[in-house]
Amino acid sequence: MRRIWREEIERIVPYQAGPSLETLERLHGPLVRLSSNENPLGPSPHVVDVVAREASRVHLYPDGGSTAVREALAGELGVGPEQLVVANGADELLQLIGLAAFDPGDEIVVPEPSFEPYTIVAQIAHATVVASPLLGYHTSLEDVRRRINARTKAIMLCSPHNPATTIIPRGPMMALLDAVGDDPPLIVLDEAYGDFADDPDYPDGIALLKRYPRLLILRTFSKIAGLAGLRVGYAIGSAETIDRLNRVRAPYNVNRLGQVAAVAAIEDREHREKTRRLVIEERAFLMRELARRGFLFPPSQANFLLVKVPDAAATRDAMAKAGILVRDGGAVGFPGHLRISIGLRETNERLLKVLDFSRL
Ligand SMILES: Cc1ncc(COP(=O)(O)O)c(C=O)c1O
């Protein structure tokens, strides 16, 4: 029989995004979703305005190079536009990396557990995933380093880590970058949650990039800017890295609404600051209240917490009954935990009440 689909594809377990919010609300009534690390404030009103205005122009193809977004980002970040590629979410950036860089047999070092698409992209390319176990809730760069050899094509790092919420501090990060030498693998640093880190030891990825050109930083408008539904992410790298990613990118990968929304989100610094302040304040509130109740969790630098609970499935169900969706840690490599996005104060208080009630 003729084999149509590639063998490696048959082995892939598709990423489980779960049912849509709309489907769940049809079944259960109004819900607050704290399972997808979204922005509790929603998008900026300026973004809503520009998207509404742009809607009548959606019959026109977008700018294939996302020029306005790249120029606005370049000004904001102090890099050249040729060091930026914009994509359909950071998710697409991972695919571009796989397409442009991964050959069958390459080794890709991936902390385990971590954001599942890192592994999926490597499997699609028929590359070998080399798992580097977390040390508790922390990425162990010493372990990562031990796993690097001549076949290593890339190292996938995530800071703040999804789902473990911890950062890779500046010291160990620089020690790794120094140790890998002048001809290192590609070092992908996923900073999807970087805007929520307030630890003074959280390194400035762009400053590192100036010293270590094989670094590739991934960021997204989904979290801090609340554009998850429009799908806009970007990568910052050397001009050479960005050029290679551009070669495999679809010609119009970022749609018109996404592009104008991203520019508007860059312009509305106040909304981003408001989001950051809210997340940091509510994160401190939730951590304090959970600790007071005896729950264990790593101190979070992201817009979510990873909380150890006696019965994750029962607690998740109790929350769903109260109209709050949280992620079962078992689905993201941490059985016995719940991954809970930081919500508005009113939601967080409700969540604590469910926890109190379900422990009686
Ligand atoms: C660590 C990490 N990287 C990347 C992404 C993807 O972001 P985007 O919505 O831009 O595709 C996510 C989304 O949750 C994430 O958690």
# chains A, B, ... in the order shown; residues from 1 in each chain; ligands from 1
call {"tool": "residues_near_ligand", "arguments": {"ligand": "ligand 1", "cutoff": "10 Å", "atoms": "only C-alpha atoms and all ligand atoms", "output": "PDB file with C-alpha atoms, in the first residue's frame"}}
result
ATOM      1  CA  ALA A  17      -5.714  22.548  23.391  1.00  0.00           C
ATOM      2  CA  SER A  35      -6.322  27.403  32.410  1.00  0.00           C
ATOM      3  CA  SER A  36      -4.689  29.152  29.430  1.00  0.00           C
ATOM      4  CA  ASN A  37      -2.625  31.966  30.994  1.00  0.00           C
ATOM      5  CA  GLU A  38      -4.555  34.705  29.225  1.00  0.00           C
ATOM      6  CA  ALA A  87       4.739  35.219  13.232  1.00  0.00           C
ATOM      7  CA  ASN A  88       1.295  33.729  13.812  1.00  0.00           C
ATOM      8  CA  GLY A  89       1.952  33.396  17.536  1.00  0.00           C
ATOM      9  CA  ALA A  90       5.170  32.199  19.156  1.00  0.00           C
ATOM     10  CA  ASP A  91       3.823  28.755  18.229  1.00  0.00           C
ATOM     11  CA  GLU A  92       4.574  29.456  14.569  1.00  0.00           C
ATOM     12  CA  LEU A  93       8.086  30.582  15.458  1.00  0.00           C
ATOM     13  CA  LEU A  94       8.754  27.131  16.889  1.00  0.00           C
ATOM     14  CA  SER A 114       8.205  21.941  29.494  1.00  0.00           C
ATOM     15  CA  PHE A 115       5.928  23.535  26.889  1.00  0.00           C
ATOM     16  CA  GLU A 116       4.938  20.506  24.754  1.00  0.00           C
ATOM     17  CA  PRO A 117       5.348  22.072  21.277  1.00  0.00           C
ATOM     18  CA  TYR A 118       9.170  22.054  21.703  1.00  0.00           C
ATOM     19  CA  LEU A 157      14.902  27.064  27.204  1.00  0.00           C
ATOM     20  CA  CYS A 158      11.825  28.636  28.716  1.00  0.00           C
ATOM     21  CA  SER A 159      12.044  31.415  31.307  1.00  0.00           C
ATOM     22  CA  PRO A 160       9.745  31.974  33.139  1.00  0.00           C
ATOM     23  CA  HIS A 161       9.114  28.296  32.684  1.00  0.00           C
ATOM     24  CA  ASN A 162       5.762  26.910  31.591  1.00  0.00           C
ATOM     25  CA  PRO A 163       4.462  25.133  33.641  1.00  0.00           C
ATOM     26  CA  THR A 165       6.812  29.249  36.802  1.00  0.00           C
ATOM     27  CA  LEU A 189      15.056  31.304  24.905  1.00  0.00           C
ATOM     28  CA  ASP A 190      11.279  31.404  25.132  1.00  0.00           C
ATOM     29  CA  GLU A 191      10.311  34.553  27.027  1.00  0.00           C
ATOM     30  CA  ALA A 192       6.538  34.289  26.476  1.00  0.00           C
ATOM     31  CA  TYR A 193       6.054  35.222  30.166  1.00  0.00           C
ATOM     32  CA  GLY A 194       9.116  37.470  30.530  1.00  0.00           C
ATOM     33  CA  LEU A 218      10.844  34.245  21.447  1.00  0.00           C
ATOM     34  CA  ARG A 219       8.145  36.612  22.685  1.00  0.00           C
ATOM     35  CA  THR A 220       4.420  36.995  22.238  1.00  0.00           C
ATOM     36  CA  PHE A 221       1.620  39.542  22.264  1.00  0.00           C
ATOM     37  CA  SER A 222      -0.725  36.838  23.619  1.00  0.00           C
ATOM     38  CA  LYS A 223      -0.037  37.362  27.322  1.00  0.00           C
ATOM     39  CA  GLY A 226      -3.953  40.252  25.561  1.00  0.00           C
ATOM     40  CA  LEU A 227      -3.894  39.368  21.847  1.00  0.00           C
ATOM     41  CA  ALA A 228      -4.000  35.553  22.207  1.00  0.00           C
ATOM     42  CA  GLY A 229      -6.972  35.337  19.839  1.00  0.00           C
ATOM     43  CA  LEU A 230      -5.185  37.294  17.098  1.00  0.00           C
ATOM     44  CA  ARG A 231      -2.001  35.180  17.190  1.00  0.00           C
ATOM     45  CA  VAL A 232       1.043  37.446  17.059  1.00  0.00           C
ATOM     46  CA  GLY A 233       4.486  36.501  18.317  1.00  0.00           C
ATOM     47  CA  TYR A 234       7.990  37.575  17.364  1.00  0.00           C
ATOM     48  CA  ALA A 302       4.865  34.106  35.428  1.00  0.00           C
TER      49      ALA A 302
END
call {"tool": "residues_around", "arguments": {"residues": "Asp103 of chain A", "least_positions_apart": "4", "cutoff": "8 Å", "atoms": "only C-alpha atoms", "output": "count of residues only"}}
result
3
call {"tool": "residues_around", "arguments": {"residues": "Met156 of chain A", "least_positions_apart": "3", "cutoff": "9 Å", "atoms": "only C-alpha atoms", "output": "PDB file with N, CA and C atoms, in the first residue's frame"}}
result
ATOM      1  N   ILE A 108      17.997  17.652  20.000  1.00  0.00           N
ATOM      2  CA  ILE A 108      17.404  18.885  20.511  1.00  0.00           C
ATOM      3  C   ILE A 108      17.240  18.700  22.017  1.00  0.00           C
ATOM      4  N   VAL A 109      17.927  19.514  22.791  1.00  0.00           N
ATOM      5  CA  VAL A 109      17.850  19.372  24.245  1.00  0.00           C
ATOM      6  C   VAL A 109      16.636  20.153  24.753  1.00  0.00           C
ATOM      7  N   VAL A 110      15.743  19.432  25.428  1.00  0.00           N
ATOM      8  CA  VAL A 110      14.493  20.027  25.886  1.00  0.00           C
ATOM      9  C   VAL A 110      14.310  19.726  27.376  1.00  0.00           C
ATOM     10  N   PRO A 111      14.235  20.759  28.216  1.00  0.00           N
ATOM     11  CA  PRO A 111      13.939  20.481  29.621  1.00  0.00           C
ATOM     12  C   PRO A 111      12.617  19.730  29.741  1.00  0.00           C
ATOM     13  N   TYR A 118       7.730  22.196  21.987  1.00  0.00           N
ATOM     14  CA  TYR A 118       9.170  22.054  21.703  1.00  0.00           C
ATOM     15  C   TYR A 118       9.450  20.628  21.216  1.00  0.00           C
ATOM     16  N   LEU A 186      22.010  26.344  18.432  1.00  0.00           N
ATOM     17  CA  LEU A 186      21.047  27.435  18.551  1.00  0.00           C
ATOM     18  C   LEU A 186      20.467  27.370  19.966  1.00  0.00           C
ATOM     19  N   ILE A 187      20.462  28.510  20.645  1.00  0.00           N
ATOM     20  CA  ILE A 187      19.901  28.509  22.007  1.00  0.00           C
ATOM     21  C   ILE A 187      18.612  29.324  21.979  1.00  0.00           C
ATOM     22  N   VAL A 188      17.512  28.597  22.022  1.00  0.00           N
ATOM     23  CA  VAL A 188      16.202  29.245  21.936  1.00  0.00           C
ATOM     24  C   VAL A 188      15.761  29.582  23.356  1.00  0.00           C
ATOM     25  N   LEU A 189      15.493  30.860  23.576  1.00  0.00           N
ATOM     26  CA  LEU A 189      15.056  31.304  24.905  1.00  0.00           C
ATOM     27  C   LEU A 189      13.633  31.845  24.775  1.00  0.00           C
ATOM     28  N   ASP A 190      12.695  31.052  25.254  1.00  0.00           N
ATOM     29  CA  ASP A 190      11.279  31.404  25.132  1.00  0.00           C
ATOM     30  C   ASP A 190      10.897  32.298  26.310  1.00  0.00           C
TER      31      ASP A 190
END
call {"tool": "select_by_dssp", "arguments": {"residues": "segment 209-327 of chain A", "states": "alpha helix (DSSP H)", "output": "ChimeraX atom specification"}}
result
/A:209-211,239-248,256-267,269-292,312-321
call {"tool": "select_by_dssp", "arguments": {"residues": "segment 43-239 of chain A", "states": "strand (DSSP E or B)", "output": "ChimeraX atom specification"}}
result
/A:84-87,107-112,128-133,135,138,152-158,186-190,215-220,233-236
call {"tool": "write_last_selection", "arguments": {"atoms": "C-alpha atoms", "output": "compact mmCIF listing (two decimals), in the first residue's frame"}}
result
# COMPACT_ATOMS: atom_id res chain seq x y z
CA LEU A 84 13.02 40.61 14.06
CA VAL A 85 10.57 38.19 12.52
CA VAL A 86 6.86 38.36 13.31
CA ALA A 87 4.74 35.22 13.23
CA GLU A 107 19.65 16.30 18.90
CA ILE A 108 17.40 18.88 20.51
CA VAL A 109 17.85 19.37 24.24
CA VAL A 110 14.49 20.03 25.89
CA PRO A 111 13.94 20.48 29.62
CA GLU A 112 11.41 17.93 30.84
CA THR A 128 15.98 13.30 18.53
CA VAL A 129 14.59 14.89 21.69
CA VAL A 130 17.14 14.78 24.49
CA ALA A 131 15.22 15.36 27.70
CA SER A 132 16.90 17.29 30.50
CA PRO A 133 14.89 16.68 33.70
CA LEU A 135 15.55 19.78 39.27
CA HIS A 138 14.01 24.50 38.16
CA THR A 152 23.16 19.02 19.32
CA LYS A 153 21.34 21.41 16.98
CA ALA A 154 19.36 23.40 19.52
CA ILE A 155 18.60 23.88 23.18
CA MET A 156 15.07 24.92 24.07
CA LEU A 157 14.90 27.06 27.20
CA CYS A 158 11.83 28.64 28.72
CA LEU A 186 21.05 27.43 18.55
CA ILE A 187 19.90 28.51 22.01
CA VAL A 188 16.20 29.25 21.94
CA LEU A 189 15.06 31.30 24.90
CA ASP A 190 11.28 31.40 25.13
CA LEU A 215 20.67 33.07 20.98
CA LEU A 216 17.13 33.34 19.62
CA ILE A 217 14.55 35.00 21.85
CA LEU A 218 10.84 34.25 21.45
CA ARG A 219 8.14 36.61 22.68
CA THR A 220 4.42 37.00 22.24
CA GLY A 233 4.49 36.50 18.32
CA TYR A 234 7.99 37.57 17.36
CA ALA A 235 11.56 36.39 17.53
CA ILE A 236 14.67 38.47 18.12
call {"tool": "closest_residue", "arguments": {"among": "A:Ala331, A:Glu25, A:Asp243, A:Leu352", "to": "Phe295 of chain A", "atoms": "only C-alpha atoms"}}
result
A:Leu352
call {"tool": "atom_distance", "arguments": {"atom1": "atom CA of Met319 of chain A", "atom2": "atom CA of Phe196 of chain A"}}
result
24.9 Å
call {"tool": "closest_residue", "arguments": {"among": "A:Ser66, A:Asn246, A:Asn39, A:Gln123", "to": "Glu8 of chain A", "atoms": "only C-alpha atoms"}}
result
A:Gln123
call {"tool": "atom_distance", "arguments": {"atom1": "atom CA of Ile340 of chain A", "atom2": "atom CA of His28 of chain A"}}
result
19.2 Å
call {"tool": "residues_around", "arguments": {"residues": "segment 98-102 of chain A", "least_positions_apart": "5", "cutoff": "8 Å", "atoms": "only C-alpha atoms", "output": "list of chain:residue names"}}
result
A:Val121, A:Ala122, A:Ile124, A:Ala125, A:Ala127, A:Lys153, A:Arg244, A:Leu245, A:Arg247, A:Val248
call {"tool": "write_last_selection", "arguments": {"atoms": "N, CA, C and O atoms", "output": "JSON list (two decimals), in the first residue's frame"}}
result
[["chain", "number", "residue", "atom", "x", "y", "z"],
["A", 121, "VAL", "N", 7.73, 19.79, 17.68],
["A", 121, "VAL", "CA", 8.46, 20.34, 16.53],
["A", 121, "VAL", "C", 9.68, 19.48, 16.21],
["A", 121, "VAL", "O", 9.97, 19.19, 15.04],
["A", 122, "ALA", "N", 10.37, 19.04, 17.25],
["A", 122, "ALA", "CA", 11.56, 18.20, 17.03],
["A", 122, "ALA", "C", 11.14, 16.86, 16.42],
["A", 122, "ALA", "O", 11.78, 16.36, 15.49],
["A", 124, "ILE", "N", 8.48, 16.20, 14.59],
["A", 124, "ILE", "CA", 8.05, 16.39, 13.20],
["A", 124, "ILE", "C", 9.27, 16.37, 12.27],
["A", 124, "ILE", "O", 9.24, 15.81, 11.18],
["A", 125, "ALA", "N", 10.37, 16.97, 12.73],
["A", 125, "ALA", "CA", 11.58, 17.03, 11.90],
["A", 125, "ALA", "C", 12.36, 15.72, 11.93],
["A", 125, "ALA", "O", 13.40, 15.60, 11.29],
["A", 127, "ALA", "N", 13.97, 14.76, 14.40],
["A", 127, "ALA", "CA", 15.16, 15.00, 15.22],
["A", 127, "ALA", "C", 14.97, 14.21, 16.52],
["A", 127, "ALA", "O", 13.88, 13.75, 16.82],
["A", 153, "LYS", "N", 21.68, 20.31, 17.89],
["A", 153, "LYS", "CA", 21.34, 21.41, 16.98],
["A", 153, "LYS", "C", 20.76, 22.59, 17.75],
["A", 153, "LYS", "O", 21.00, 23.75, 17.40],
["A", 244, "ARG", "N", 17.19, 33.17, 7.98],
["A", 244, "ARG", "CA", 16.87, 31.77, 7.73],
["A", 244, "ARG", "C", 15.42, 31.45, 8.09],
["A", 244, "ARG", "O", 14.75, 30.69, 7.40],
["A", 245, "LEU", "N", 14.91, 32.05, 9.17],
["A", 245, "LEU", "CA", 13.51, 31.80, 9.54],
["A", 245, "LEU", "C", 12.58, 32.39, 8.48],
["A", 245, "LEU", "O", 11.55, 31.81, 8.14],
["A", 247, "ARG", "N", 13.08, 32.51, 5.38],
["A", 247, "ARG", "CA", 13.06, 31.68, 4.15],
["A", 247, "ARG", "C", 11.99, 30.60, 4.19],
["A", 247, "ARG", "O", 11.56, 30.13, 3.15],
["A", 248, "VAL", "N", 11.59, 30.19, 5.41],
["A", 248, "VAL", "CA", 10.61, 29.09, 5.49],
["A", 248, "VAL", "C", 9.22, 29.58, 5.91],
["A", 248, "VAL", "O", 8.28, 28.79, 6.04]]
call {"tool": "closest_residue", "arguments": {"among": "A:Ala320, A:Leu208, A:Val309, A:Leu325", "to": "Leu338 of chain A", "atoms": "only C-alpha atoms"}}
result
A:Val309
call {"tool": "atom_distance", "arguments": {"atom1": "atom CA of Ala74 of chain A", "atom2": "atom CA of Phe304 of chain A"}}
result
28.5 Å
call {"tool": "residues_around", "arguments": {"residues": "Arg145 of chain A", "least_positions_apart": "2", "cutoff": "10 Å", "atoms": "only C-alpha atoms", "output": "list in words"}}
result
Val109, Ser132, Ser140, Leu141, Glu142, Asp143, Arg147, Ile148, Asn149, Ile155, Ala175, Leu176, Leu177, Ala179 and Val180 of chain A
call {"tool": "write_last_selection", "arguments": {"atoms": "N, CA, C and O atoms", "output": "PDB file, in the first residue's frame"}}
result
ATOM      1  N   VAL A 109      17.927  19.514  22.791  1.00  0.00           N
ATOM      2  CA  VAL A 109      17.850  19.372  24.245  1.00  0.00           C
ATOM      3  C   VAL A 109      16.636  20.153  24.753  1.00  0.00           C
ATOM      4  O   VAL A 109      16.497  21.353  24.487  1.00  0.00           O
ATOM      5  N   SER A 132      16.090  16.893  29.347  1.00  0.00           N
ATOM      6  CA  SER A 132      16.897  17.287  30.502  1.00  0.00           C
ATOM      7  C   SER A 132      15.940  17.525  31.671  1.00  0.00           C
ATOM      8  O   SER A 132      15.216  18.519  31.686  1.00  0.00           O
ATOM      9  N   SER A 140      17.738  22.829  35.040  1.00  0.00           N
ATOM     10  CA  SER A 140      19.119  22.602  35.481  1.00  0.00           C
ATOM     11  C   SER A 140      20.055  22.817  34.294  1.00  0.00           C
ATOM     12  O   SER A 140      20.193  21.961  33.421  1.00  0.00           O
ATOM     13  N   LEU A 141      20.697  23.981  34.260  1.00  0.00           N
ATOM     14  CA  LEU A 141      21.575  24.258  33.117  1.00  0.00           C
ATOM     15  C   LEU A 141      22.830  23.389  33.162  1.00  0.00           C
ATOM     16  O   LEU A 141      23.452  23.150  32.132  1.00  0.00           O
ATOM     17  N   GLU A 142      23.175  22.903  34.353  1.00  0.00           N
ATOM     18  CA  GLU A 142      24.318  21.977  34.412  1.00  0.00           C
ATOM     19  C   GLU A 142      23.971  20.678  33.686  1.00  0.00           C
ATOM     20  O   GLU A 142      24.774  20.139  32.926  1.00  0.00           O
ATOM     21  N   ASP A 143      22.750  20.219  33.924  1.00  0.00           N
ATOM     22  CA  ASP A 143      22.324  19.001  33.236  1.00  0.00           C
ATOM     23  C   ASP A 143      22.226  19.249  31.728  1.00  0.00           C
ATOM     24  O   ASP A 143      22.690  18.440  30.915  1.00  0.00           O
ATOM     25  N   ARG A 147      24.428  17.459  28.368  1.00  0.00           N
ATOM     26  CA  ARG A 147      23.780  16.738  27.263  1.00  0.00           C
ATOM     27  C   ARG A 147      24.142  17.295  25.883  1.00  0.00           C
ATOM     28  O   ARG A 147      23.702  16.793  24.859  1.00  0.00           O
ATOM     29  N   ILE A 148      24.934  18.366  25.873  1.00  0.00           N
ATOM     30  CA  ILE A 148      25.323  18.962  24.582  1.00  0.00           C
ATOM     31  C   ILE A 148      26.502  18.196  23.991  1.00  0.00           C
ATOM     32  O   ILE A 148      27.475  17.894  24.679  1.00  0.00           O
ATOM     33  N   ASN A 149      26.389  17.862  22.696  1.00  0.00           N
ATOM     34  CA  ASN A 149      27.520  17.230  22.000  1.00  0.00           C
ATOM     35  C   ASN A 149      27.541  17.736  20.556  1.00  0.00           C
ATOM     36  O   ASN A 149      26.791  18.661  20.227  1.00  0.00           O
ATOM     37  N   ILE A 155      18.986  24.050  21.781  1.00  0.00           N
ATOM     38  CA  ILE A 155      18.603  23.881  23.184  1.00  0.00           C
ATOM     39  C   ILE A 155      17.368  24.758  23.366  1.00  0.00           C
ATOM     40  O   ILE A 155      17.376  25.936  23.001  1.00  0.00           O
ATOM     41  N   ALA A 175      26.708  31.607  32.434  1.00  0.00           N
ATOM     42  CA  ALA A 175      27.702  30.524  32.562  1.00  0.00           C
ATOM     43  C   ALA A 175      27.491  29.503  31.443  1.00  0.00           C
ATOM     44  O   ALA A 175      28.444  29.018  30.829  1.00  0.00           O
ATOM     45  N   LEU A 176      26.217  29.193  31.135  1.00  0.00           N
ATOM     46  CA  LEU A 176      25.948  28.241  30.053  1.00  0.00           C
ATOM     47  C   LEU A 176      26.425  28.821  28.720  1.00  0.00           C
ATOM     48  O   LEU A 176      27.120  28.159  27.944  1.00  0.00           O
ATOM     49  N   LEU A 177      26.049  30.080  28.465  1.00  0.00           N
ATOM     50  CA  LEU A 177      26.393  30.697  27.177  1.00  0.00           C
ATOM     51  C   LEU A 177      27.911  30.778  27.001  1.00  0.00           C
ATOM     52  O   LEU A 177      28.426  30.602  25.895  1.00  0.00           O
ATOM     53  N   ALA A 179      30.008  28.665  28.422  1.00  0.00           N
ATOM     54  CA  ALA A 179      30.555  27.305  28.365  1.00  0.00           C
ATOM     55  C   ALA A 179      30.386  26.662  26.988  1.00  0.00           C
ATOM     56  O   ALA A 179      31.151  25.774  26.635  1.00  0.00           O
ATOM     57  N   VAL A 180      29.375  27.081  26.218  1.00  0.00           N
ATOM     58  CA  VAL A 180      29.122  26.376  24.957  1.00  0.00           C
ATOM     59  C   VAL A 180      30.053  26.811  23.823  1.00  0.00           C
ATOM     60  O   VAL A 180      30.034  26.213  22.744  1.00  0.00           O
TER      61      VAL A 180
END
call {"tool": "residues_around", "arguments": {"residues": "segment 55-62 of chain A", "least_positions_apart": "4", "cutoff": "10 Å", "atoms": "only C-alpha atoms", "output": "ChimeraX atom specification"}}
result
/A:50-51,66,251-260
call {"tool": "write_last_selection", "arguments": {"atoms": "N, CA and C atoms", "output": "CSV table (one decimal), in the first residue's frame"}}
result
chain,number,residue,atom,x,y,z
A,50,VAL,N,-8.5,50.1,16.7
A,50,VAL,CA,-7.8,49.9,15.4
A,50,VAL,C,-8.2,48.7,14.7
A,51,VAL,N,-8.6,47.6,15.5
A,51,VAL,CA,-9.0,46.4,14.9
A,51,VAL,C,-10.4,46.6,14.2
A,66,SER,N,5.3,42.2,7.8
A,66,SER,CA,4.9,42.8,9.1
A,66,SER,C,5.8,44.0,9.4
A,251,PRO,N,4.2,33.4,3.0
A,251,PRO,CA,4.3,34.8,2.6
A,251,PRO,C,3.5,35.8,3.4
A,252,TYR,N,2.3,35.4,3.8
A,252,TYR,CA,1.4,36.3,4.6
A,252,TYR,C,1.1,35.7,5.9
A,253,ASN,N,2.1,35.4,6.7
A,253,ASN,CA,1.8,34.6,7.9
A,253,ASN,C,1.1,35.4,9.1
A,254,VAL,N,1.2,36.7,9.0
A,254,VAL,CA,0.5,37.4,10.1
A,254,VAL,C,-0.6,38.3,9.4
A,255,ASN,N,-1.9,38.1,9.9
A,255,ASN,CA,-3.0,38.7,9.2
A,255,ASN,C,-3.0,40.2,9.6
A,256,ARG,N,-3.9,40.9,8.8
A,256,ARG,CA,-4.0,42.4,8.9
A,256,ARG,C,-4.4,42.9,10.3
A,257,LEU,N,-5.4,42.2,10.9
A,257,LEU,CA,-5.9,42.6,12.2
A,257,LEU,C,-4.8,42.4,13.2
A,258,GLY,N,-4.1,41.3,13.1
A,258,GLY,CA,-3.0,41.0,14.1
A,258,GLY,C,-1.9,42.1,14.0
A,259,GLN,N,-1.6,42.5,12.8
A,259,GLN,CA,-0.5,43.5,12.6
A,259,GLN,C,-0.9,44.8,13.2
A,260,VAL,N,-2.1,45.3,12.9
A,260,VAL,CA,-2.5,46.6,13.4
A,260,VAL,C,-2.7,46.6,14.9
call {"tool": "residues_around", "arguments": {"residues": "Ile342 of chain A", "least_positions_apart": "2", "cutoff": "9 Å", "atoms": "only C-alpha atoms", "output": "mmCIF file with N, CA and C atoms, in the first residue's frame"}}
result
data_model
loop_
_atom_site.group_PDB
_atom_site.id
_atom_site.type_symbol
_atom_site.label_atom_id
_atom_site.label_comp_id
_atom_site.auth_asym_id
_atom_site.auth_seq_id
_atom_site.Cartn_x
_atom_site.Cartn_y
_atom_site.Cartn_z
ATOM 1 N N LEU A 34 -9.033 30.147 33.764
ATOM 2 C CA LEU A 34 -7.702 30.345 34.357
ATOM 3 C C LEU A 34 -6.820 29.158 33.986
ATOM 4 N N ASN A 37 -3.561 30.858 30.755
ATOM 5 C CA ASN A 37 -2.625 31.966 30.994
ATOM 6 C C ASN A 37 -2.886 33.174 30.109
ATOM 7 N N GLU A 38 -4.162 33.541 30.037
ATOM 8 C CA GLU A 38 -4.555 34.705 29.225
ATOM 9 C C GLU A 38 -4.514 35.979 30.069
ATOM 10 N N ASN A 39 -4.769 37.116 29.396
ATOM 11 C CA ASN A 39 -4.698 38.416 30.067
ATOM 12 C C ASN A 39 -6.034 38.707 30.744
ATOM 13 N N PRO A 40 -6.047 38.862 32.083
ATOM 14 C CA PRO A 40 -7.325 39.048 32.770
ATOM 15 C C PRO A 40 -7.999 40.379 32.437
ATOM 16 N N LEU A 278 -1.089 44.480 37.657
ATOM 17 C CA LEU A 278 -2.188 43.646 38.168
ATOM 18 C C LEU A 278 -1.691 42.221 38.426
ATOM 19 N N VAL A 279 -0.984 41.666 37.450
ATOM 20 C CA VAL A 279 -0.516 40.271 37.596
ATOM 21 C C VAL A 279 0.439 40.155 38.781
ATOM 22 N N ILE A 280 1.363 41.101 38.894
ATOM 23 C CA ILE A 280 2.350 41.011 39.977
ATOM 24 C C ILE A 280 1.659 41.155 41.345
ATOM 25 N N GLU A 282 -1.621 40.615 42.095
ATOM 26 C CA GLU A 282 -2.536 39.487 42.366
ATOM 27 C C GLU A 282 -1.769 38.185 42.586
ATOM 28 N N ARG A 283 -0.633 38.072 41.926
ATOM 29 C CA ARG A 283 0.215 36.887 42.123
ATOM 30 C C ARG A 283 0.690 36.869 43.589
ATOM 31 N N LEU A 286 -2.316 35.940 45.818
ATOM 32 C CA LEU A 286 -2.642 34.508 45.773
ATOM 33 C C LEU A 286 -1.571 33.667 46.469
ATOM 34 N N ALA A 302 5.696 34.090 36.647
ATOM 35 C CA ALA A 302 4.865 34.106 35.428
ATOM 36 C C ALA A 302 3.477 34.652 35.763
ATOM 37 N N ASN A 303 2.540 34.556 34.832
ATOM 38 C CA ASN A 303 1.170 35.010 35.130
ATOM 39 C C ASN A 303 0.289 33.818 35.534
ATOM 40 N N PHE A 304 0.920 32.829 36.136
ATOM 41 C CA PHE A 304 0.189 31.654 36.628
ATOM 42 C C PHE A 304 0.977 31.025 37.774
ATOM 43 N N LEU A 305 0.288 30.149 38.506
ATOM 44 C CA LEU A 305 0.929 29.435 39.618
ATOM 45 C C LEU A 305 0.832 27.944 39.363
ATOM 46 N N ILE A 340 -2.714 27.383 37.574
ATOM 47 C CA ILE A 340 -3.792 28.354 37.731
ATOM 48 C C ILE A 340 -3.319 29.735 37.260
ATOM 49 N N LEU A 344 -8.472 38.338 38.005
ATOM 50 C CA LEU A 344 -8.841 39.570 38.711
ATOM 51 C C LEU A 344 -9.063 39.214 40.189
ATOM 52 N N ARG A 345 -9.012 40.226 41.071
ATOM 53 C CA ARG A 345 -9.146 39.967 42.514
ATOM 54 C C ARG A 345 -10.418 39.167 42.842
ATOM 55 N N THR A 347 -12.098 37.083 41.045
ATOM 56 C CA THR A 347 -11.949 35.671 40.642
ATOM 57 C C THR A 347 -11.019 34.943 41.606
ATOM 58 N N ASN A 348 -9.930 35.604 41.962
ATOM 59 C CA ASN A 348 -8.957 34.953 42.850
ATOM 60 C C ASN A 348 -9.579 34.653 44.211
#
call {"tool": "decode", "arguments": {"residues": "segment 57-65 of chain A", "atoms": "N, CA and C atoms", "output": "PDB file, in the first residue's frame"}}
result
ATOM      1  N   ARG A  57     -11.007  46.417   5.787  1.00  0.00           N
ATOM      2  CA  ARG A  57      -9.919  46.263   4.795  1.00  0.00           C
ATOM      3  C   ARG A  57      -9.420  44.820   4.719  1.00  0.00           C
ATOM      4  N   VAL A  58     -10.183  43.890   5.299  1.00  0.00           N
ATOM      5  CA  VAL A  58      -9.654  42.518   5.341  1.00  0.00           C
ATOM      6  C   VAL A  58      -9.707  41.806   3.986  1.00  0.00           C
ATOM      7  N   HIS A  59     -10.263  42.469   2.971  1.00  0.00           N
ATOM      8  CA  HIS A  59     -10.196  41.864   1.626  1.00  0.00           C
ATOM      9  C   HIS A  59      -8.806  42.061   1.016  1.00  0.00           C
ATOM     10  N   LEU A  60      -7.982  42.891   1.635  1.00  0.00           N
ATOM     11  CA  LEU A  60      -6.639  43.167   1.104  1.00  0.00           C
ATOM     12  C   LEU A  60      -5.607  42.304   1.835  1.00  0.00           C
ATOM     13  N   TYR A  61      -4.671  41.737   1.080  1.00  0.00           N
ATOM     14  CA  TYR A  61      -3.608  40.959   1.733  1.00  0.00           C
ATOM     15  C   TYR A  61      -2.847  41.852   2.711  1.00  0.00           C
ATOM     16  N   PRO A  62      -2.348  41.245   3.777  1.00  0.00           N
ATOM     17  CA  PRO A  62      -1.545  42.051   4.713  1.00  0.00           C
ATOM     18  C   PRO A  62      -0.134  42.279   4.160  1.00  0.00           C
ATOM     19  N   ASP A  63       0.627  43.111   4.858  1.00  0.00           N
ATOM     20  CA  ASP A  63       2.039  43.300   4.547  1.00  0.00           C
ATOM     21  C   ASP A  63       2.767  42.002   4.924  1.00  0.00           C
ATOM     22  N   GLY A  64       3.330  41.331   3.940  1.00  0.00           N
ATOM     23  CA  GLY A  64       3.964  40.024   4.172  1.00  0.00           C
ATOM     24  C   GLY A  64       5.124  40.083   5.153  1.00  0.00           C
ATOM     25  N   GLY A  65       5.777  41.235   5.246  1.00  0.00           N
ATOM     26  CA  GLY A  65       6.947  41.333   6.136  1.00  0.00           C
ATOM     27  C   GLY A  65       6.624  41.937   7.492  1.00  0.00           C
TER      28      GLY A  65
END
